[in-house]
>>> print(open('run.cif').read())   # mmCIF, C-alpha atoms and all ligand atoms
data_input
#
loop_
_atom_site.label_atom_id
_atom_site.label_comp_id
_atom_site.auth_asym_id
_atom_site.auth_seq_id
_atom_site.Cartn_x
_atom_site.Cartn_y
_atom_site.Cartn_z
CA MET A 19 32.80 -22.64 14.81
CA ARG A 20 32.83 -23.26 18.60
CA SER A 21 29.99 -22.01 20.79
CA TRP A 22 28.55 -22.37 24.25
CA CYS A 23 25.46 -24.63 24.18
CA VAL A 24 22.94 -26.56 26.23
CA ARG A 25 22.39 -30.31 25.77
CA VAL A 26 18.72 -31.24 26.13
CA PRO A 27 16.57 -34.31 25.31
CA SER A 28 15.14 -33.89 21.79
CA CYS A 29 11.55 -33.91 23.14
CA ASP A 30 12.41 -30.83 25.24
CA GLY A 31 14.22 -29.01 22.43
CA GLU A 32 11.48 -26.64 21.26
CA ARG A 33 10.56 -25.55 24.80
CA VAL A 34 14.21 -24.80 25.66
CA ARG A 35 14.80 -23.03 22.31
CA GLN A 36 11.80 -20.76 22.94
CA SER A 37 12.94 -20.03 26.47
CA LEU A 38 16.46 -19.10 25.22
CA ILE A 39 14.91 -16.80 22.58
CA GLU A 40 12.81 -15.06 25.26
CA LYS A 41 15.94 -14.50 27.38
CA GLY A 42 17.94 -13.31 24.34
CA LEU A 43 20.37 -16.20 24.82
CA LEU A 44 19.93 -18.18 21.58
CA ASN A 45 23.04 -17.96 19.38
CA ARG A 46 21.44 -17.57 15.94
CA THR A 47 24.74 -17.63 14.04
CA CYS A 48 25.13 -21.37 14.78
CA ARG A 49 22.90 -24.23 13.65
CA ILE A 50 21.20 -26.41 16.31
CA ARG A 51 22.43 -30.02 15.92
CA THR A 52 21.66 -33.48 17.25
CA ASP A 53 23.88 -35.53 19.55
CA GLY A 54 22.30 -39.01 19.74
CA GLU A 55 18.92 -38.55 21.45
CA TYR A 56 19.85 -35.05 22.52
CA LEU A 57 19.90 -31.64 20.89
CA LEU A 58 22.76 -29.18 21.22
CA ILE A 59 21.32 -25.65 21.27
CA PRO A 60 23.96 -22.91 20.89
CA THR A 61 23.88 -19.99 23.33
CA ASN A 62 25.46 -16.53 23.26
CA GLU A 63 27.04 -16.98 26.68
CA PRO A 64 27.57 -19.67 29.31
CA VAL A 65 24.34 -20.72 31.08
CA ASP A 66 23.65 -23.31 33.80
CA GLY A 67 25.16 -26.66 32.77
CA SER A 68 26.38 -25.38 29.41
CA LEU A 69 29.30 -26.86 27.48
CA VAL A 70 31.34 -25.82 24.45
CA GLU A 71 30.87 -27.67 21.17
CA GLU A 72 31.61 -27.35 17.47
CA PHE A 73 28.78 -26.02 15.22
CA THR A 74 28.24 -25.10 11.58
CA CYS A 75 27.42 -21.45 10.86
CA ASN A 76 24.10 -20.25 9.54
CA SER A 77 24.96 -18.38 6.36
CA GLU A 78 24.38 -14.76 7.29
CA LYS A 79 21.40 -13.20 5.52
CA LYS A 80 22.37 -10.07 3.63
CA VAL A 81 20.66 -6.92 4.86
CA LEU A 82 19.28 -5.08 1.83
CA PRO A 83 18.90 -1.30 1.58
CA ARG A 84 15.38 0.05 2.19
CA PHE A 85 12.99 -0.09 -0.77
CA GLU A 86 9.31 -0.29 -1.66
CA GLN A 87 8.06 -3.05 -3.95
CA VAL A 88 5.43 -2.50 -6.66
CA GLY A 89 4.99 -5.60 -8.80
CA GLY A 90 8.39 -6.43 -10.32
CA ILE A 91 9.83 -3.00 -9.49
CA ALA A 92 11.80 -2.08 -6.36
CA ILE A 93 11.83 1.64 -5.57
CA MET A 94 14.75 3.04 -3.54
CA GLN A 95 14.91 6.43 -1.85
CA GLU A 96 18.73 6.50 -2.23
CA ASP A 97 20.75 6.72 -5.45
CA ASP A 98 22.72 3.56 -4.57
CA THR A 99 23.74 1.46 -7.61
CA GLN A 100 25.50 -1.22 -5.55
CA GLY A 101 22.45 -1.62 -3.27
CA ALA A 102 20.21 -1.72 -6.35
CA GLN A 103 22.21 -4.64 -7.79
CA GLU A 104 21.86 -6.50 -4.48
CA ILE A 105 18.09 -5.93 -4.43
CA LEU A 106 17.77 -7.07 -8.07
CA ALA A 107 19.69 -10.26 -7.28
CA SER A 108 17.62 -10.98 -4.14
CA LYS A 109 14.42 -12.12 -5.92
CA SER A 110 13.91 -13.46 -9.43
CA SER A 111 10.60 -11.57 -9.80
CA TYR A 112 12.33 -8.15 -9.63
CA HIS A 113 13.05 -6.88 -13.14
CA THR A 114 13.93 -3.24 -12.35
CA VAL A 115 15.25 -1.15 -9.46
CA LEU A 116 14.33 2.55 -9.58
CA PHE A 117 15.53 5.58 -7.67
CA ALA A 118 12.73 8.05 -6.90
CA GLU A 119 14.35 11.38 -7.75
CA SER A 120 11.38 13.45 -6.65
CA ALA A 121 8.31 13.34 -4.44
CA VAL A 122 4.90 13.08 -6.17
CA GLU A 123 4.50 16.30 -8.13
CA GLY A 124 2.39 18.16 -10.66
CA GLU A 125 -1.25 17.72 -11.55
CA PHE A 126 -0.78 14.05 -12.47
CA ARG A 127 0.85 13.25 -9.08
CA THR A 128 3.76 11.34 -10.65
CA LYS A 129 7.40 11.02 -9.55
CA LYS A 130 10.61 11.27 -11.57
CA PHE A 131 12.63 8.06 -11.61
CA THR A 132 16.03 6.86 -12.80
CA VAL A 133 16.74 3.20 -13.45
CA LEU A 134 19.50 1.96 -11.12
CA ALA A 135 19.51 -1.72 -12.11
CA GLY A 136 17.74 -4.20 -14.36
CA GLU A 137 15.49 -3.46 -17.32
CA ASN A 138 15.15 0.11 -18.52
CA ARG A 139 11.45 0.63 -17.82
CA THR A 140 8.99 2.05 -15.28
CA SER A 141 6.08 -0.25 -16.15
CA THR A 142 5.19 -3.48 -14.39
CA GLU A 143 2.35 -5.86 -13.60
CA TYR A 144 0.83 -5.68 -10.12
CA THR A 145 -1.77 -7.94 -8.51
CA GLU A 146 -3.99 -6.89 -5.59
CA TYR A 147 -6.66 -9.16 -4.07
CA GLY A 148 -7.04 -11.05 -7.36
CA HIS A 149 -7.18 -7.93 -9.53
CA HIS A 150 -4.43 -7.41 -12.13
CA PHE A 151 -3.06 -4.00 -13.05
CA THR A 152 -0.60 -2.77 -15.64
CA ILE A 153 1.03 0.30 -14.16
CA ASP A 154 3.66 2.74 -15.36
CA LEU A 155 5.03 4.78 -12.48
CA GLN A 156 6.49 7.47 -14.76
CA GLN A 157 3.19 7.96 -16.61
CA ALA A 158 0.55 7.72 -13.91
CA TYR A 159 0.29 7.67 -10.13
CA PHE A 160 0.08 4.32 -8.41
CA SER A 161 0.65 3.18 -4.83
CA PRO A 162 -0.10 -0.20 -3.27
CA ARG A 163 -0.36 1.44 0.16
CA LEU A 164 -4.11 2.01 -0.09
CA SER A 165 -4.94 -1.64 -0.83
CA GLY A 166 -6.43 -2.00 2.68
CA GLU A 167 -8.62 1.08 2.10
CA ARG A 168 -9.95 -0.35 -1.16
CA GLN A 169 -10.98 -3.52 0.68
CA ARG A 170 -12.50 -1.53 3.56
CA ILE A 171 -14.73 0.42 1.19
CA LEU A 172 -15.64 -2.73 -0.75
CA GLN A 173 -16.82 -4.31 2.54
CA MET A 174 -18.98 -1.22 3.25
CA MET A 175 -20.72 -1.38 -0.13
CA GLN A 176 -24.15 -2.82 -0.90
CA LYS A 177 -24.59 -4.81 -4.09
CA GLY A 178 -25.72 -2.71 -7.07
CA GLU A 179 -24.39 0.67 -5.90
CA ARG A 180 -23.58 3.43 -8.35
CA VAL A 181 -20.04 4.73 -7.72
CA VAL A 182 -18.02 7.71 -8.95
CA ASP A 183 -14.22 7.66 -8.57
CA MET A 184 -13.25 11.29 -9.23
CA PHE A 185 -9.45 10.81 -9.31
CA ALA A 186 -9.21 7.24 -10.56
CA GLY A 187 -5.61 6.96 -11.82
CA VAL A 188 -5.03 3.53 -13.38
CA GLY A 189 -8.23 2.27 -11.75
CA PRO A 190 -7.40 0.41 -8.51
CA PHE A 191 -10.40 1.77 -6.53
CA ALA A 192 -12.79 1.67 -9.50
CA ILE A 193 -11.93 -1.91 -10.51
CA THR A 194 -12.14 -3.11 -6.90
CA MET A 195 -15.54 -1.40 -6.35
CA ALA A 196 -16.79 -2.87 -9.64
CA GLU A 197 -17.07 -6.25 -7.89
CA LYS A 198 -20.22 -5.05 -6.12
CA ALA A 199 -21.27 -1.94 -8.05
CA SER A 200 -23.80 -1.80 -10.87
CA ILE A 201 -21.70 0.93 -12.48
CA VAL A 202 -18.50 2.83 -11.64
CA TYR A 203 -17.68 6.12 -13.38
CA ALA A 204 -13.90 6.54 -13.18
CA GLY A 205 -12.48 9.94 -14.12
CA ASP A 206 -8.95 11.23 -14.41
CA LEU A 207 -7.28 14.24 -15.99
CA ASN A 208 -4.14 12.34 -17.06
CA PRO A 209 -4.53 10.72 -20.53
CA GLY A 210 -1.72 8.24 -19.66
CA ALA A 211 -3.65 7.12 -16.57
CA VAL A 212 -6.91 6.73 -18.52
CA ILE A 213 -5.18 4.62 -21.22
CA LEU A 214 -3.74 2.31 -18.54
CA MET A 215 -7.10 2.24 -16.73
CA THR A 216 -8.85 1.17 -19.94
CA ARG A 217 -6.34 -1.66 -20.33
CA ASN A 218 -6.90 -2.67 -16.68
CA ILE A 219 -10.69 -2.64 -17.12
CA GLN A 220 -10.30 -5.10 -20.02
CA LYS A 221 -7.81 -7.21 -18.12
CA ASN A 222 -10.16 -7.60 -15.14
CA HIS A 223 -13.32 -7.96 -17.28
CA SER A 224 -14.79 -4.99 -15.39
CA GLY A 225 -17.29 -4.03 -18.08
CA ASN A 226 -19.25 -1.91 -15.57
CA VAL A 227 -16.39 0.61 -15.19
CA VAL A 228 -16.69 3.66 -17.45
CA PRO A 229 -13.34 5.46 -17.94
CA ILE A 230 -13.67 9.23 -18.38
CA LEU A 231 -10.87 11.59 -19.39
CA ALA A 232 -11.98 14.74 -17.60
CA ASP A 233 -11.29 17.31 -14.92
CA ALA A 234 -13.23 16.16 -11.84
CA MET A 235 -14.81 19.64 -11.69
CA HIS A 236 -16.71 18.77 -14.87
CA LEU A 237 -18.04 15.37 -13.80
CA PRO A 238 -21.43 16.70 -12.56
CA GLY A 239 -22.05 17.93 -16.12
CA ILE A 240 -21.04 14.55 -17.60
CA ILE A 241 -22.70 12.05 -15.22
CA SER A 242 -26.44 12.69 -15.21
CA LYS A 243 -27.70 10.42 -12.40
CA GLN A 244 -26.46 10.80 -8.83
CA ALA A 245 -24.34 8.05 -7.25
CA ASP A 246 -24.49 6.19 -3.93
CA ARG A 247 -20.76 6.50 -3.29
CA ILE A 248 -18.02 8.92 -4.31
CA ILE A 249 -14.26 8.28 -3.99
CA MET A 250 -12.04 11.37 -3.68
CA ASN A 251 -8.40 10.29 -3.62
CA LEU A 252 -6.42 13.45 -4.27
CA PRO A 253 -5.08 13.94 -0.75
CA LEU A 254 -3.31 17.30 -1.24
CA HIS A 255 -5.99 19.17 -3.19
CA ALA A 256 -9.37 17.47 -2.77
CA SER A 257 -11.24 20.18 -0.81
CA PRO A 258 -11.95 22.47 -3.83
CA PHE A 259 -13.71 19.47 -5.44
CA LEU A 260 -16.19 19.01 -2.56
CA PRO A 261 -18.97 21.03 -4.29
CA ALA A 262 -18.70 18.69 -7.31
CA ALA A 263 -18.67 15.63 -5.03
CA PHE A 264 -21.85 16.77 -3.23
CA GLN A 265 -23.51 17.38 -6.58
CA LEU A 266 -22.58 13.89 -7.73
CA CYS A 267 -23.75 12.16 -4.53
CA ARG A 268 -27.39 11.28 -3.80
CA PRO A 269 -28.96 12.41 -0.48
CA GLY A 270 -27.89 9.88 2.17
CA GLY A 271 -24.99 8.64 0.02
CA THR A 272 -21.33 8.43 1.08
CA ILE A 273 -18.29 10.49 0.06
CA HIS A 274 -14.86 9.10 0.97
CA LEU A 275 -12.57 12.12 1.16
CA TYR A 276 -8.83 11.35 1.48
CA ALA A 277 -6.77 14.24 2.83
CA LEU A 278 -3.31 15.06 4.06
CA VAL A 279 -3.68 16.77 7.45
CA LYS A 280 -1.86 17.82 10.60
CA LYS A 281 -4.87 17.32 12.89
CA GLU A 282 -7.50 14.57 12.79
CA ASP A 283 -10.48 16.92 12.65
CA GLU A 284 -8.76 19.50 10.40
CA LEU A 285 -11.41 19.38 7.65
CA VAL A 286 -14.49 18.82 9.81
CA ASP A 287 -15.58 22.48 9.90
CA LEU A 288 -15.14 22.76 6.14
CA ILE A 289 -17.18 19.59 5.52
CA HIS A 290 -19.98 20.89 7.78
CA GLN A 291 -20.50 23.76 5.32
CA TYR A 292 -22.18 21.15 3.10
CA PRO A 293 -25.38 19.17 3.76
CA VAL A 294 -23.97 16.45 6.00
CA GLN A 295 -25.62 13.82 8.22
CA ASP A 296 -22.51 12.22 9.72
CA ILE A 297 -18.72 12.22 9.38
CA GLY A 298 -16.57 9.16 10.18
CA MET A 299 -12.82 9.80 10.55
CA LYS A 300 -10.09 7.22 10.07
CA TYR A 301 -6.30 7.54 10.22
CA VAL A 302 -4.83 5.94 7.08
CA ARG A 303 -1.03 6.28 7.30
CA SER A 304 1.75 8.66 8.21
CA TYR A 305 3.23 10.95 5.55
CA SER A 306 5.84 13.13 7.27
CA PRO A 307 6.77 13.86 10.89
CA ASP A 308 3.85 16.29 11.24
CA GLN A 309 1.40 15.19 8.51
CA PHE A 310 -0.70 12.09 7.96
CA HIS A 311 -3.36 10.73 5.63
CA MET A 312 -6.94 10.69 6.91
CA VAL A 313 -10.10 9.51 5.27
CA TYR A 314 -13.36 11.25 6.09
CA ASP A 315 -16.37 9.01 5.42
CA ILE A 316 -19.05 11.63 4.85
CA ILE A 317 -22.74 10.60 4.90
CA THR A 318 -24.62 13.31 3.06
CA ALA A 319 -27.88 14.74 4.43
CA ASN A 320 -31.11 12.92 3.62
CA PHE A 321 -32.81 15.75 1.74
N1 LIG A 401 -7.10 6.82 -7.14
C1 LIG A 401 -5.88 6.47 -7.79
C2 LIG A 401 -5.07 5.51 -6.96
O1 LIG A 401 -5.42 5.26 -5.79
O2 LIG A 401 -4.08 4.98 -7.46
C3 LIG A 401 -5.05 7.72 -8.17
C4 LIG A 401 -4.86 8.68 -7.06
S1 LIG A 401 -3.67 9.95 -7.38
C5 LIG A 401 -3.28 10.45 -5.75
C6 LIG A 401 -4.64 11.29 -7.95
C7 LIG A 401 -5.06 11.22 -9.40
O3 LIG A 401 -5.88 12.37 -9.67
C8 LIG A 401 -3.95 11.26 -10.42
O4 LIG A 401 -4.06 10.16 -11.27
C9 LIG A 401 -4.14 12.59 -11.20
O5 LIG A 401 -3.84 12.48 -12.56
C10 LIG A 401 -5.62 12.84 -10.97
N2 LIG A 401 -6.03 14.26 -11.00
C11 LIG A 401 -5.39 15.34 -10.52
N3 LIG A 401 -6.13 16.45 -10.68
C12 LIG A 401 -7.29 16.07 -11.27
C13 LIG A 401 -8.46 16.75 -11.69
N4 LIG A 401 -8.60 18.07 -11.53
N5 LIG A 401 -9.45 16.03 -12.23
C14 LIG A 401 -9.33 14.68 -12.42
N6 LIG A 401 -8.24 13.99 -12.05
C15 LIG A 401 -7.23 14.66 -11.48
#
>>> encode(input="run.cif", output="C-alpha cells", more="lines below")
Ligand code: SAM
Amino acid sequence: MRSWCVRVPSCDGERVRQSLIEKGLLNRTCRIRTDGEYLLIPTNEPVDGSLVEEFTCNSEKKVLPRFEQVGGIAIMQEDDTQGAQEILASKSSYHTVLFAESAVEGEFRTKKFTVLAGENRTSTEYTEYGHHFTIDLQQAYFSPRLSGERQRILQMMQKGERVVDMFAGVGPFAITMAEKASIVYAGDLNPGAVILMTRNIQKNHSGNVVPILADAMHLPGIISKQADRIIMNLPLHASPFLPAAFQLCRPGGTIHLYALVKKEDELVDLIHQYPVQDIGMKYVRSYSPDQFHMVYDIITANF
C-alpha cells in the first residue's frame, strides 16, 4: 500500500512519531519501516518534505460488540449471535458468551440469561485481588464493579475488627474483609448464594467467615455481640434494614450503606433519624441517566 511519509534519522524517530500522533497525522494503517539509517513514518496527508513510499498494512483489529467480562464469561446487552461468536474467538479464556435478558430482579437480585456462544453454563471462576470465587450468575448476584469499594473498605479497617455483611451474596466483601477481621458474619437470603459462599470460604481458607442463611432483618437475633463494621450492599432496598444495622453496630462503629439515588444527599435526613456521629458520602458509579450508586459511610454515635 502506498502512503505519504516522512523520512527521519532513526534516532529522531520516536520524537517525530509522537509529534505526528499529537497532530493527528500518523497513518496507523501502515507499518513504520526502516530505510538504511532512516525511518519512514507514514502520514495521513502530505506534510513538509514528505514523500510517497510503499508500506505493509497493519492488520486491522476487529472491533468487538460491547460486553462485560466476569471470569471466563462475556455478558452482552444485545442478543447478537454473530457478535457473540466473535467475542468467544477473541480470547482463549472465554468459555461462554451470555445475553442478559433482564435487569437484576427479584429478592435474590439475579438476571435471566441465555447462552449465545460457547459452553452451556452460567458459572465461572473469578479472581479479585488474589481471592478466588466460584460464581453462578443465574443462581446468585455477582458483579466485579465493586472491587474498588471492597479494597477501599479493607484499607479503612483495623486489624481484628468484627464485621457483619448483611447481604453477602457469594461472599466477595466478606472474604476480602476477612483478611483483617477477627470474624465476619456473612448473611444472605438466597440458599444458592450461601452454598457458593461456603465453597468460596473454603477456597480462600477464610475460616473466620461465618455464612448465615437468613433474612437480614433477623440478624440482630442471631449475632449476639455487636460488630465494628457493617456492610449493607442492597442498593435498591437497604433503608428498611437500617434499624437492624444500627442494632448490629457498636457505638462509634461504621455502617457502609450502598444506595441507588438521584441526589447525593438523598438519604442523609433519613440516616440522621438514627444515632449518628458523622456521615461520609462517596459517589460509586452511574446506574442510569438520572440515578447513581452512592455509599454512605455512617459513623454511629458514641453512646
Ligand atoms: N454483597 C454481594 C456482592 O457484592 O456481590 C451481593 C450483593 S446483591 C446486590 C444483594 C444480595 O442480598 C443478594 O445476594 C440477595 O440474595 C440478598 N438479599 C436480598 N434481600 C435480602 C434479605 N432480606 N436478607 C438477606 N439477604 C438478602
>>> residues_near_ligand(input="run.cif", ligand="ligand LIG 401 (chain A)", cutoff="8 Å", atoms="all atoms listed in the file", output="MDAnalysis selection string")
chainID A and resid 125:128 158:162 164 183:191 205:208 211 231:235 249:253 255
>>> atom_distance(input="run.cif", atom1="atom CA of A:Pro64", atom2="atom CA of A:Trp22")
5.8 Å
>>> residues_near_point(input="run.cif", point="(-9.9, -2.5, -9.9)", cutoff="12 Å", atoms="all atoms listed in the file", output="ChimeraX atom specification")
/A:144-152,165,168-169,172,183,186-199,202,204,214-229
>>> closest_residue(input="run.cif", among="A:Ser304, A:Thr140, A:Gln157, A:Ser68", to="A:Ala277", atoms="all atoms listed in the file")
A:Ser304
>>> residues_around(input="run.cif", residues="A:Glu179", least_positions_apart="6", cutoff="8 Å", atoms="only C-alpha atoms", output="list in words")
Lys198, Ala199, Ser200, Ile201, Ala245, Asp246 and Arg247 of chain A
>>> residues_around(input="run.cif", residues="A:Gln309", least_positions_apart="2", cutoff="9 Å", atoms="only C-alpha atoms", output="PDB file with C-alpha atoms, keeping the file's coordinate frame")
ATOM      1  CA  LEU A 278      -3.310  15.060   4.060  1.00  0.00           C
ATOM      2  CA  VAL A 279      -3.680  16.770   7.450  1.00  0.00           C
ATOM      3  CA  LYS A 280      -1.860  17.820  10.600  1.00  0.00           C
ATOM      4  CA  LYS A 281      -4.870  17.320  12.890  1.00  0.00           C
ATOM      5  CA  SER A 304       1.750   8.660   8.210  1.00  0.00           C
ATOM      6  CA  TYR A 305       3.230  10.950   5.550  1.00  0.00           C
ATOM      7  CA  SER A 306       5.840  13.130   7.270  1.00  0.00           C
ATOM      8  CA  PRO A 307       6.770  13.860  10.890  1.00  0.00           C
ATOM      9  CA  HIS A 311      -3.360  10.730   5.630  1.00  0.00           C
TER      10      HIS A 311
END
>>> residues_around(input="run.cif", residues="A:Thr142", least_positions_apart="3", cutoff="9 Å", atoms="all atoms listed in the file", output="list in words")
Val88, Gly89, Gly90, Ile91, His113, Thr114, Arg139, Phe151, Thr152, Ile153, Asp154 and Leu155 of chain A
>>> closest_residue(input="run.cif", among="A:Ile50, A:Thr132, A:Ser21, A:Leu82", to="A:Ser108", atoms="only C-alpha atoms")
A:Leu82
>>> closest_residue(input="run.cif", among="A:Ala121, A:Val302, A:Val115, A:Ala319", to="A:Ile93", atoms="all atoms listed in the file")
A:Val115
>>> atom_distance(input="run.cif", atom1="atom CA of A:Asn320", atom2="atom CA of A:Asp296")
10.6 Å
>>> residues_near_point(input="run.cif", point="(12.0, 11.7, -7.8)", cutoff="7 Å", atoms="all atoms listed in the file", output="PDB file with C-alpha atoms, in the coordinates of the input")
ATOM      1  CA  ALA A 118      12.730   8.050  -6.900  1.00  0.00           C
ATOM      2  CA  GLU A 119      14.350  11.380  -7.750  1.00  0.00           C
ATOM      3  CA  SER A 120      11.380  13.450  -6.650  1.00  0.00           C
ATOM      4  CA  ALA A 121       8.310  13.340  -4.440  1.00  0.00           C
ATOM      5  CA  LYS A 129       7.400  11.020  -9.550  1.00  0.00           C
ATOM      6  CA  LYS A 130      10.610  11.270 -11.570  1.00  0.00           C
ATOM      7  CA  PHE A 131      12.630   8.060 -11.610  1.00  0.00           C
TER       8      PHE A 131
END
